[in-house]
file data.json (JSON, C-alpha atoms)
[["chain", "number", "residue", "atom", "x", "y", "z"],
["T", 1, "MET", "CA", 0.00, 0.00, 0.00],
["T", 2, "ALA", "CA", 1.06, 3.58, -0.66],
["T", 3, "THR", "CA", 2.34, 5.75, 2.15],
["T", 4, "VAL", "CA", 2.08, 9.50, 2.53],
["T", 5, "GLY", "CA", 4.32, 10.92, 5.21],
["T", 6, "ASN", "CA", 3.67, 8.90, 8.36],
["T", 7, "TYR", "CA", 0.41, 7.46, 7.01],
["T", 8, "ARG", "CA", -0.43, 4.26, 5.19],
["T", 9, "VAL", "CA", -3.22, 4.81, 2.66],
["T", 10, "LEU", "CA", -5.89, 2.11, 3.06],
["T", 11, "LYS", "CA", -8.62, 3.00, 0.57],
["T", 12, "GLN", "CA", -10.44, 5.83, -1.16],
["T", 13, "ILE", "CA", -13.67, 6.72, 0.63],
["T", 14, "GLY", "CA", -14.90, 9.80, -1.20],
["T", 15, "GLU", "CA", -14.44, 12.24, -4.03],
["T", 16, "GLY", "CA", -15.74, 15.71, -4.80],
["T", 17, "GLY", "CA", -15.18, 18.20, -7.56],
["T", 18, "PHE", "CA", -11.87, 19.28, -6.07],
["T", 19, "GLY", "CA", -10.42, 16.56, -3.86],
["T", 20, "ARG", "CA", -10.27, 12.85, -3.11],
["T", 21, "ILE", "CA", -10.63, 11.50, 0.43],
["T", 22, "PHE", "CA", -8.74, 8.43, 1.60],
["T", 23, "GLN", "CA", -8.88, 6.39, 4.77],
["T", 24, "ALA", "CA", -5.42, 6.03, 6.23],
["T", 25, "GLU", "CA", -3.59, 4.68, 9.27],
["T", 26, "HIS", "CA", -0.68, 6.21, 11.14],
["T", 27, "LEU", "CA", 2.41, 4.02, 10.67],
["T", 28, "TYR", "CA", 3.55, 4.24, 14.28],
["T", 29, "LEU", "CA", 0.38, 4.95, 16.26],
["T", 30, "SER", "CA", -1.96, 2.60, 14.35],
["T", 31, "GLU", "CA", -4.67, 5.26, 14.54],
["T", 32, "LYS", "CA", -7.03, 6.00, 11.66],
["T", 33, "ALA", "CA", -7.14, 9.30, 9.83],
["T", 34, "CYS", "CA", -8.50, 10.83, 6.63],
["T", 35, "ILE", "CA", -6.34, 12.24, 3.86],
["T", 36, "LYS", "CA", -7.62, 14.81, 1.38],
["T", 37, "GLN", "CA", -5.62, 15.34, -1.81],
["T", 38, "ASN", "CA", -6.32, 17.68, -4.71],
["T", 39, "ILE", "CA", -7.53, 15.81, -7.81],
["T", 40, "ASN", "CA", -6.12, 18.13, -10.47],
["T", 41, "ALA", "CA", -2.36, 18.54, -10.41],
["T", 42, "SER", "CA", -1.95, 22.31, -10.41],
["T", 43, "ARG", "CA", -0.44, 25.02, -8.27],
["T", 44, "ALA", "CA", -3.85, 26.72, -8.05],
["T", 45, "ASP", "CA", -5.43, 23.58, -6.54],
["T", 46, "VAL", "CA", -2.57, 23.26, -4.04],
["T", 47, "ASP", "CA", -3.29, 26.83, -2.97],
["T", 48, "LEU", "CA", -7.02, 26.02, -2.59],
["T", 49, "LEU", "CA", -6.25, 23.04, -0.38],
["T", 50, "ARG", "CA", -3.86, 25.16, 1.69],
["T", 51, "TYR", "CA", -6.62, 27.76, 2.07],
["T", 52, "GLU", "CA", -9.01, 25.10, 3.39],
["T", 53, "ALA", "CA", -6.33, 23.80, 5.77],
["T", 54, "LYS", "CA", -5.75, 27.29, 7.18],
["T", 55, "LEU", "CA", -9.48, 27.75, 7.81],
["T", 56, "LEU", "CA", -9.77, 24.39, 9.56],
["T", 57, "TRP", "CA", -6.74, 25.28, 11.66],
["T", 58, "LYS", "CA", -8.74, 28.22, 12.99],
["T", 59, "LEU", "CA", -11.65, 25.87, 13.82],
["T", 60, "ASN", "CA", -9.61, 23.05, 15.31],
["T", 61, "GLU", "CA", -11.33, 22.80, 18.68],
["T", 62, "TYR", "CA", -14.97, 21.96, 17.95],
["T", 63, "HIS", "CA", -16.23, 18.37, 17.95],
["T", 64, "SER", "CA", -18.56, 18.69, 14.94],
["T", 65, "ILE", "CA", -15.81, 20.02, 12.66],
["T", 66, "PRO", "CA", -12.93, 17.74, 11.52],
["T", 67, "SER", "CA", -9.62, 18.39, 13.25],
["T", 68, "ILE", "CA", -6.65, 19.03, 11.00],
["T", 69, "LYS", "CA", -3.57, 16.98, 11.87],
["T", 70, "ASP", "CA", -1.13, 18.11, 9.18],
["T", 71, "PHE", "CA", -0.68, 19.65, 5.74],
["T", 72, "PHE", "CA", 2.20, 19.25, 3.33],
["T", 73, "GLU", "CA", 3.01, 19.28, -0.37],
["T", 74, "THR", "CA", 3.93, 15.98, -2.02],
["T", 75, "ASP", "CA", 5.27, 17.88, -5.03],
["T", 76, "ARG", "CA", 4.81, 21.33, -6.55],
["T", 77, "ASN", "CA", 1.34, 20.55, -7.92],
["T", 78, "SER", "CA", -0.02, 18.19, -5.28],
["T", 79, "ALA", "CA", -0.69, 18.49, -1.57],
["T", 80, "VAL", "CA", -2.40, 16.51, 1.17],
["T", 81, "MET", "CA", -4.31, 17.52, 4.26],
["T", 82, "ILE", "CA", -4.45, 15.05, 7.16],
["T", 83, "LEU", "CA", -7.74, 15.11, 9.08],
["T", 84, "SER", "CA", -9.27, 13.30, 12.02],
["T", 85, "TYR", "CA", -11.05, 10.09, 11.06],
["T", 86, "ILE", "CA", -14.79, 10.33, 10.49],
["T", 87, "ASP", "CA", -16.69, 7.17, 11.44],
["T", 88, "GLY", "CA", -19.94, 7.54, 9.54],
["T", 89, "LYS", "CA", -21.70, 8.26, 6.26],
["T", 90, "THR", "CA", -22.93, 11.45, 4.69],
["T", 91, "LEU", "CA", -26.52, 12.41, 5.32],
["T", 92, "GLU", "CA", -27.11, 12.17, 1.57],
["T", 93, "GLU", "CA", -25.86, 8.56, 1.52],
["T", 94, "ILE", "CA", -28.09, 7.64, 4.45],
["T", 95, "VAL", "CA", -31.26, 9.09, 2.96],
["T", 96, "ALA", "CA", -30.53, 7.83, -0.55],
["T", 97, "ASN", "CA", -29.96, 4.27, 0.68],
["T", 98, "LYS", "CA", -32.30, 3.97, 3.65],
["T", 99, "GLY", "CA", -34.94, 6.64, 3.22],
["T", 100, "PRO", "CA", -35.99, 9.49, 5.51],
["T", 101, "ILE", "CA", -34.45, 9.85, 8.96],
["T", 102, "HIS", "CA", -36.73, 9.84, 12.02],
["T", 103, "PRO", "CA", -37.76, 13.43, 12.85],
["T", 104, "GLU", "CA", -36.29, 13.31, 16.35],
["T", 105, "ASP", "CA", -32.94, 12.18, 14.96],
["T", 106, "VAL", "CA", -33.20, 14.99, 12.41],
["T", 107, "CYS", "CA", -33.58, 17.41, 15.33],
["T", 108, "TRP", "CA", -30.36, 16.36, 17.08],
["T", 109, "ILE", "CA", -28.48, 16.29, 13.77],
["T", 110, "THR", "CA", -29.73, 19.83, 13.13],
["T", 111, "GLU", "CA", -28.64, 20.91, 16.61],
["T", 112, "ARG", "CA", -25.14, 19.59, 16.04],
["T", 113, "LEU", "CA", -24.93, 21.23, 12.63],
["T", 114, "LEU", "CA", -26.09, 24.57, 13.98],
["T", 115, "GLY", "CA", -23.54, 24.27, 16.78],
["T", 116, "ALA", "CA", -20.75, 23.78, 14.26],
["T", 117, "LEU", "CA", -21.92, 26.83, 12.32],
["T", 118, "LEU", "CA", -22.23, 29.02, 15.39],
["T", 119, "TYR", "CA", -18.63, 28.16, 16.26],
["T", 120, "SER", "CA", -17.50, 28.80, 12.68],
["T", 121, "HIS", "CA", -19.31, 32.11, 12.44],
["T", 122, "ALA", "CA", -17.95, 33.24, 15.80],
["T", 123, "ASN", "CA", -14.49, 32.67, 14.32],
["T", 124, "GLY", "CA", -15.22, 34.59, 11.12],
["T", 125, "VAL", "CA", -15.78, 31.61, 8.79],
["T", 126, "ILE", "CA", -18.85, 31.36, 6.54],
["T", 127, "HIS", "CA", -19.03, 27.83, 5.08],
["T", 128, "SER", "CA", -21.15, 28.72, 2.00],
["T", 129, "ASP", "CA", -21.74, 25.10, 0.95],
["T", 130, "VAL", "CA", -23.85, 23.51, 3.68],
["T", 131, "LYS", "CA", -25.58, 20.58, 1.96],
["T", 132, "PRO", "CA", -26.48, 16.92, 2.62],
["T", 133, "GLU", "CA", -23.25, 15.68, 1.00],
["T", 134, "ASN", "CA", -21.15, 17.78, 3.39],
["T", 135, "VAL", "CA", -22.71, 16.51, 6.62],
["T", 136, "PHE", "CA", -21.31, 13.23, 7.95],
["T", 137, "VAL", "CA", -23.48, 11.55, 10.60],
["T", 138, "GLU", "CA", -21.63, 9.64, 13.33],
["T", 139, "PRO", "CA", -24.39, 7.71, 15.14],
["T", 140, "GLN", "CA", -22.06, 5.95, 17.58],
["T", 141, "LYS", "CA", -20.81, 9.33, 18.81],
["T", 142, "HIS", "CA", -24.25, 10.97, 18.54],
["T", 143, "ASP", "CA", -22.50, 13.65, 16.50],
["T", 144, "ILE", "CA", -21.97, 15.01, 13.00],
["T", 145, "LYS", "CA", -19.03, 16.43, 11.08],
["T", 146, "LEU", "CA", -19.43, 19.41, 8.79],
["T", 147, "ILE", "CA", -16.86, 18.93, 6.04],
["T", 148, "ASP", "CA", -15.45, 20.68, 2.96],
["T", 149, "PHE", "CA", -14.50, 24.23, 3.87],
["T", 150, "GLY", "CA", -12.74, 24.64, 0.52],
["T", 151, "ILE", "CA", -15.05, 27.42, -0.70],
["T", 152, "ALA", "CA", -15.69, 29.01, 2.69],
["T", 153, "SER", "CA", -15.17, 32.74, 3.18],
["T", 154, "TYR", "CA", -13.12, 34.23, 6.00],
["T", 155, "LYS", "CA", -14.45, 37.49, 7.40],
["T", 156, "PRO", "CA", -16.22, 38.52, 4.16],
["T", 157, "LYS", "CA", -16.80, 42.24, 3.61],
["T", 158, "ARG", "CA", -19.66, 44.12, 1.97],
["T", 159, "ASP", "CA", -18.03, 43.89, -1.43],
["T", 160, "SER", "CA", -16.96, 40.23, -1.09],
["T", 161, "LYS", "CA", -18.15, 37.72, -3.65],
["T", 162, "PRO", "CA", -18.90, 34.06, -2.89],
["T", 163, "VAL", "CA", -15.83, 31.85, -3.40],
["T", 164, "GLY", "CA", -18.24, 29.20, -4.67],
["T", 165, "TYR", "CA", -21.47, 27.33, -3.96],
["T", 166, "THR", "CA", -23.61, 24.41, -5.13],
["T", 167, "PRO", "CA", -26.40, 25.98, -7.23],
["T", 168, "LYS", "CA", -29.23, 23.59, -6.34],
["T", 169, "TYR", "CA", -28.64, 24.07, -2.60],
["T", 170, "ALA", "CA", -27.31, 27.63, -2.38],
["T", 171, "ALA", "CA", -29.06, 30.48, -0.62],
["T", 172, "PRO", "CA", -30.60, 33.03, -3.04],
["T", 173, "GLU", "CA", -28.17, 35.78, -2.04],
["T", 174, "LEU", "CA", -25.17, 33.62, -2.96],
["T", 175, "ILE", "CA", -26.62, 32.89, -6.40],
["T", 176, "GLN", "CA", -27.09, 36.66, -6.82],
["T", 177, "GLY", "CA", -23.38, 37.17, -6.14],
["T", 178, "LYS", "CA", -23.90, 38.94, -2.83],
["T", 179, "PRO", "CA", -21.47, 38.53, 0.10],
["T", 180, "PRO", "CA", -21.74, 35.28, 2.10],
["T", 181, "ILE", "CA", -23.35, 35.91, 5.49],
["T", 182, "PRO", "CA", -24.20, 33.63, 8.44],
["T", 183, "GLU", "CA", -27.81, 33.48, 7.26],
["T", 184, "SER", "CA", -26.58, 31.91, 4.01],
["T", 185, "ASP", "CA", -25.39, 28.92, 6.04],
["T", 186, "ILE", "CA", -28.66, 28.92, 8.00],
["T", 187, "TYR", "CA", -30.44, 28.42, 4.67],
["T", 188, "GLY", "CA", -28.16, 25.44, 4.04],
["T", 189, "VAL", "CA", -29.22, 23.94, 7.37],
["T", 190, "GLY", "CA", -32.82, 24.15, 6.16],
["T", 191, "ILE", "CA", -31.87, 22.24, 3.00],
["T", 192, "VAL", "CA", -30.08, 19.56, 5.03],
["T", 193, "MET", "CA", -33.01, 19.25, 7.39],
["T", 194, "LEU", "CA", -35.55, 19.03, 4.56],
["T", 195, "ARG", "CA", -33.54, 16.31, 2.81],
["T", 196, "ALA", "CA", -33.12, 14.36, 6.05],
["T", 197, "LEU", "CA", -36.89, 14.42, 6.58],
["T", 198, "GLY", "CA", -37.45, 12.97, 3.11],
["T", 199, "GLY", "CA", -38.82, 16.19, 1.62],
["T", 200, "ASP", "CA", -38.32, 17.61, -1.86],
["T", 201, "THR", "CA", -35.41, 20.06, -1.83],
["T", 202, "PHE", "CA", -36.38, 21.44, -5.25],
["T", 203, "LYS", "CA", -40.03, 22.17, -4.45],
["T", 204, "LYS", "CA", -39.27, 22.85, -0.77],
["T", 205, "SER", "CA", -42.12, 20.50, 0.17],
["T", 206, "PHE", "CA", -42.43, 18.12, 3.13],
["T", 207, "ARG", "CA", -43.79, 14.64, 3.68],
["T", 208, "ASP", "CA", -47.33, 14.65, 5.07],
["T", 209, "ASP", "CA", -46.25, 12.83, 8.24],
["T", 210, "THR", "CA", -43.69, 15.48, 9.25],
["T", 211, "PRO", "CA", -44.68, 17.10, 12.59],
["T", 212, "LYS", "CA", -46.00, 20.61, 12.00],
["T", 213, "PRO", "CA", -43.62, 22.43, 14.44],
["T", 214, "ILE", "CA", -40.65, 20.85, 12.65],
["T", 215, "VAL", "CA", -42.03, 21.88, 9.26],
["T", 216, "GLU", "CA", -42.54, 25.45, 10.45],
["T", 217, "PHE", "CA", -39.04, 25.65, 11.91],
["T", 218, "CYS", "CA", -37.44, 24.30, 8.73],
["T", 219, "GLN", "CA", -39.48, 26.69, 6.58],
["T", 220, "SER", "CA", -38.19, 29.60, 8.65],
["T", 221, "LEU", "CA", -34.62, 28.63, 7.75],
["T", 222, "LEU", "CA", -35.51, 28.54, 4.05],
["T", 223, "ARG", "CA", -37.05, 32.00, 3.76],
["T", 224, "TYR", "CA", -35.98, 33.79, 0.59],
["T", 225, "ASP", "CA", -35.06, 37.01, 2.36],
["T", 226, "PRO", "CA", -32.05, 36.40, 4.64],
["T", 227, "ASN", "CA", -33.28, 39.16, 6.96],
["T", 228, "GLN", "CA", -36.37, 37.05, 7.64],
["T", 229, "ARG", "CA", -34.43, 33.90, 8.59],
["T", 230, "PRO", "CA", -33.46, 33.14, 12.18],
["T", 231, "SER", "CA", -30.02, 34.47, 13.15],
["T", 232, "TRP", "CA", -27.75, 34.28, 16.18],
["T", 233, "GLU", "CA", -28.90, 37.78, 17.20],
["T", 234, "ARG", "CA", -32.64, 37.24, 16.70],
["T", 235, "GLU", "CA", -34.74, 34.10, 17.10],
["T", 236, "ASN", "CA", -31.61, 31.99, 17.79],
["T", 237, "PRO", "CA", -32.12, 28.78, 15.76],
["T", 238, "LEU", "CA", -30.19, 26.62, 18.23],
["T", 239, "GLU", "CA", -32.50, 27.59, 21.06],
["T", 240, "LYS", "CA", -35.54, 27.31, 18.79],
["T", 241, "ILE", "CA", -34.80, 23.76, 17.63],
["T", 242, "SER", "CA", -34.43, 22.73, 21.27],
["T", 243, "ASP", "CA", -37.89, 24.20, 21.95],
["T", 244, "VAL", "CA", -39.30, 22.40, 18.91],
["T", 245, "ARG", "CA", -37.83, 19.11, 20.02],
["T", 246, "TYR", "CA", -39.38, 19.53, 23.46],
["T", 247, "GLU", "CA", -42.76, 20.48, 21.98],
["T", 248, "VAL", "CA", -42.89, 17.47, 19.65],
["T", 249, "PHE", "CA", -41.09, 14.78, 21.62],
["T", 250, "GLY", "CA", -41.10, 15.96, 25.24],
["T", 251, "ARG", "CA", -37.30, 15.98, 25.38],
["T", 252, "ARG", "CA", -34.83, 18.80, 25.21],
["T", 253, "HIS", "CA", -31.12, 18.88, 24.44],
["T", 254, "ALA", "CA", -29.25, 22.03, 25.39],
["T", 255, "SER", "CA", -26.46, 22.42, 22.88],
["T", 256, "ASP", "CA", -22.96, 22.59, 24.31],
["T", 257, "ILE", "CA", -22.06, 25.58, 22.14],
["T", 258, "VAL", "CA", -24.99, 27.57, 23.56],
["T", 259, "LYS", "CA", -23.78, 26.75, 27.08],
["T", 260, "LEU", "CA", -20.27, 27.84, 26.19],
["T", 261, "MET", "CA", -21.48, 31.12, 24.71],
["T", 262, "LYS", "CA", -23.46, 31.73, 27.91],
["T", 263, "GLY", "CA", -20.53, 30.86, 30.16],
["T", 264, "GLY", "CA", -21.59, 27.33, 31.12],
["T", 265, "ASP", "CA", -19.43, 24.23, 31.38],
["T", 266, "GLY", "CA", -20.13, 23.10, 27.84],
["T", 267, "LYS", "CA", -21.06, 19.55, 28.81],
["T", 268, "THR", "CA", -23.82, 17.67, 27.02]]
call {"tool": "encode", "arguments": {"input": "data.json", "output": "structure tokens"}}
result
Amino acid sequence: MATVGNYRVLKQIGEGGFGRIFQAEHLYLSEKACIKQNINASRADVDLLRYEAKLLWKLNEYHSIPSIKDFFETDRNSAVMILSYIDGKTLEEIVANKGPIHPEDVCWITERLLGALLYSHANGVIHSDVKPENVFVEPQKHDIKLIDFGIASYKPKRDSKPVGYTPKYAAPELIQGKPPIPESDIYGVGIVMLRALGGDTFKKSFRDDTPKPIVEFCQSLLRYDPNQRPSWERENPLEKISDVRYEVFGRRHASDIVKLMKGGDGKT
């Protein structure tokens, strides 16, 4: 098997438009990791991968975002980023193969995703490509991982343009070429939630058996006008989804990131 630095490459586990993901094992520690390598051999793609690595380095302390272990160039036109191992499947894979996810599970997945975004936004990073393919679900850990920060924006300004987006999932303001804002990612959460519930992401319609409070919450995330969507300053979506979960299922989960922001111990 091929080796990259101190890692033995085991198998390819994913591929996007920009990079391939491999499962790997540390040669001396026997611990698993993920390796991301640019597909196209070019200096520009090396720079893009370095950009993503630098952003993840700034977000290296939150459990629902992959931790970066290392970054290095294998030659002038190729580089690799070593990431913490993700033990799960993408939300898109789960729904495509097994059908809709139970609404209560969708609620905790949404809570974890919102927590990752609150942490990212607090550190100046707008993901800009929140979609079902970029959310890994780790059921054994009761957690998710938000991946692929390659087209994220760092501290965008009023005249900033989106680095990129996926057209069929992107918030309207990104498609219009306006600056990425936190509410753009909130829209993405609505898309992820709708897909997880088995709804139609094109028509923005829900299955008939979806509990009404969950439908109403998800619809609020998908409002066309970003000023009408929930935000961290008004109608905090993390607190709202906890209320919705309690209303529908009689159980509440206080997100650790909300506790941290309020000065709590951050334990779940």
call {"tool": "closest_atom_pairs", "arguments": {"input": "data.json", "of": "segment 124-204 of chain T", "to": "segment 99-105 of chain T", "cutoff": "6 Å", "atoms": "all atoms listed in the file", "output": "CSV"}}
result
residue,atom,partner,partner_atom,distance
T:Ala196,CA,T:Ile101,CA,5.5
T:Leu197,CA,T:Pro100,CA,5.1
T:Gly198,CA,T:Pro100,CA,4.5
call {"tool": "closest_residue", "arguments": {"input": "data.json", "among": "T:Glu93, T:Asp45, T:Glu61, T:Glu247", "to": "Tyr119 of chain T", "atoms": "all atoms listed in the file"}}
result
T:Glu61
call {"tool": "atom_distance", "arguments": {"input": "data.json", "atom1": "atom CA of Leu55 of chain T", "atom2": "atom CA of Arg223 of chain T"}}
result
28.2 Å
call {"tool": "atom_distance", "arguments": {"input": "data.json", "atom1": "atom CA of Cys218 of chain T", "atom2": "atom CA of Glu111 of chain T"}}
result
12.3 Å
call {"tool": "atom_distance", "arguments": {"input": "data.json", "atom1": "atom CA of Ala33 of chain T", "atom2": "atom CA of Tyr85 of chain T"}}
result
4.2 Å
call {"tool": "residues_around", "arguments": {"input": "data.json", "residues": "segment 224-226 of chain T", "least_positions_apart": "4", "cutoff": "10 Å", "atoms": "only C-alpha atoms", "output": "ChimeraX atom specification"}}
result
/T:171-173,181-184,186-187,219-220,230-231
call {"tool": "closest_residue", "arguments": {"input": "data.json", "among": "T:Cys107, T:Leu194, T:Thr210, T:Ile147", "to": "Ser242 of chain T", "atoms": "all atoms listed in the file"}}
result
T:Cys107
call {"tool": "closest_residue", "arguments": {"input": "data.json", "among": "T:Lys141, T:Arg20, T:Lys54, T:His26", "to": "Ser78 of chain T", "atoms": "only C-alpha atoms"}}
result
T:Arg20
call {"tool": "residues_near_point", "arguments": {"input": "data.json", "point": "(-27.7, 24.3, 9.4)", "cutoff": "6 Å", "atoms": "all atoms listed in the file", "output": "PyMOL selection string"}}
result
chain T and resi 113-114+186+188-189
call {"tool": "closest_residue", "arguments": {"input": "data.json", "among": "T:Val248, T:Leu48, T:Ile214, T:Leu29", "to": "Gly164 of chain T", "atoms": "all atoms listed in the file"}}
result
T:Leu48
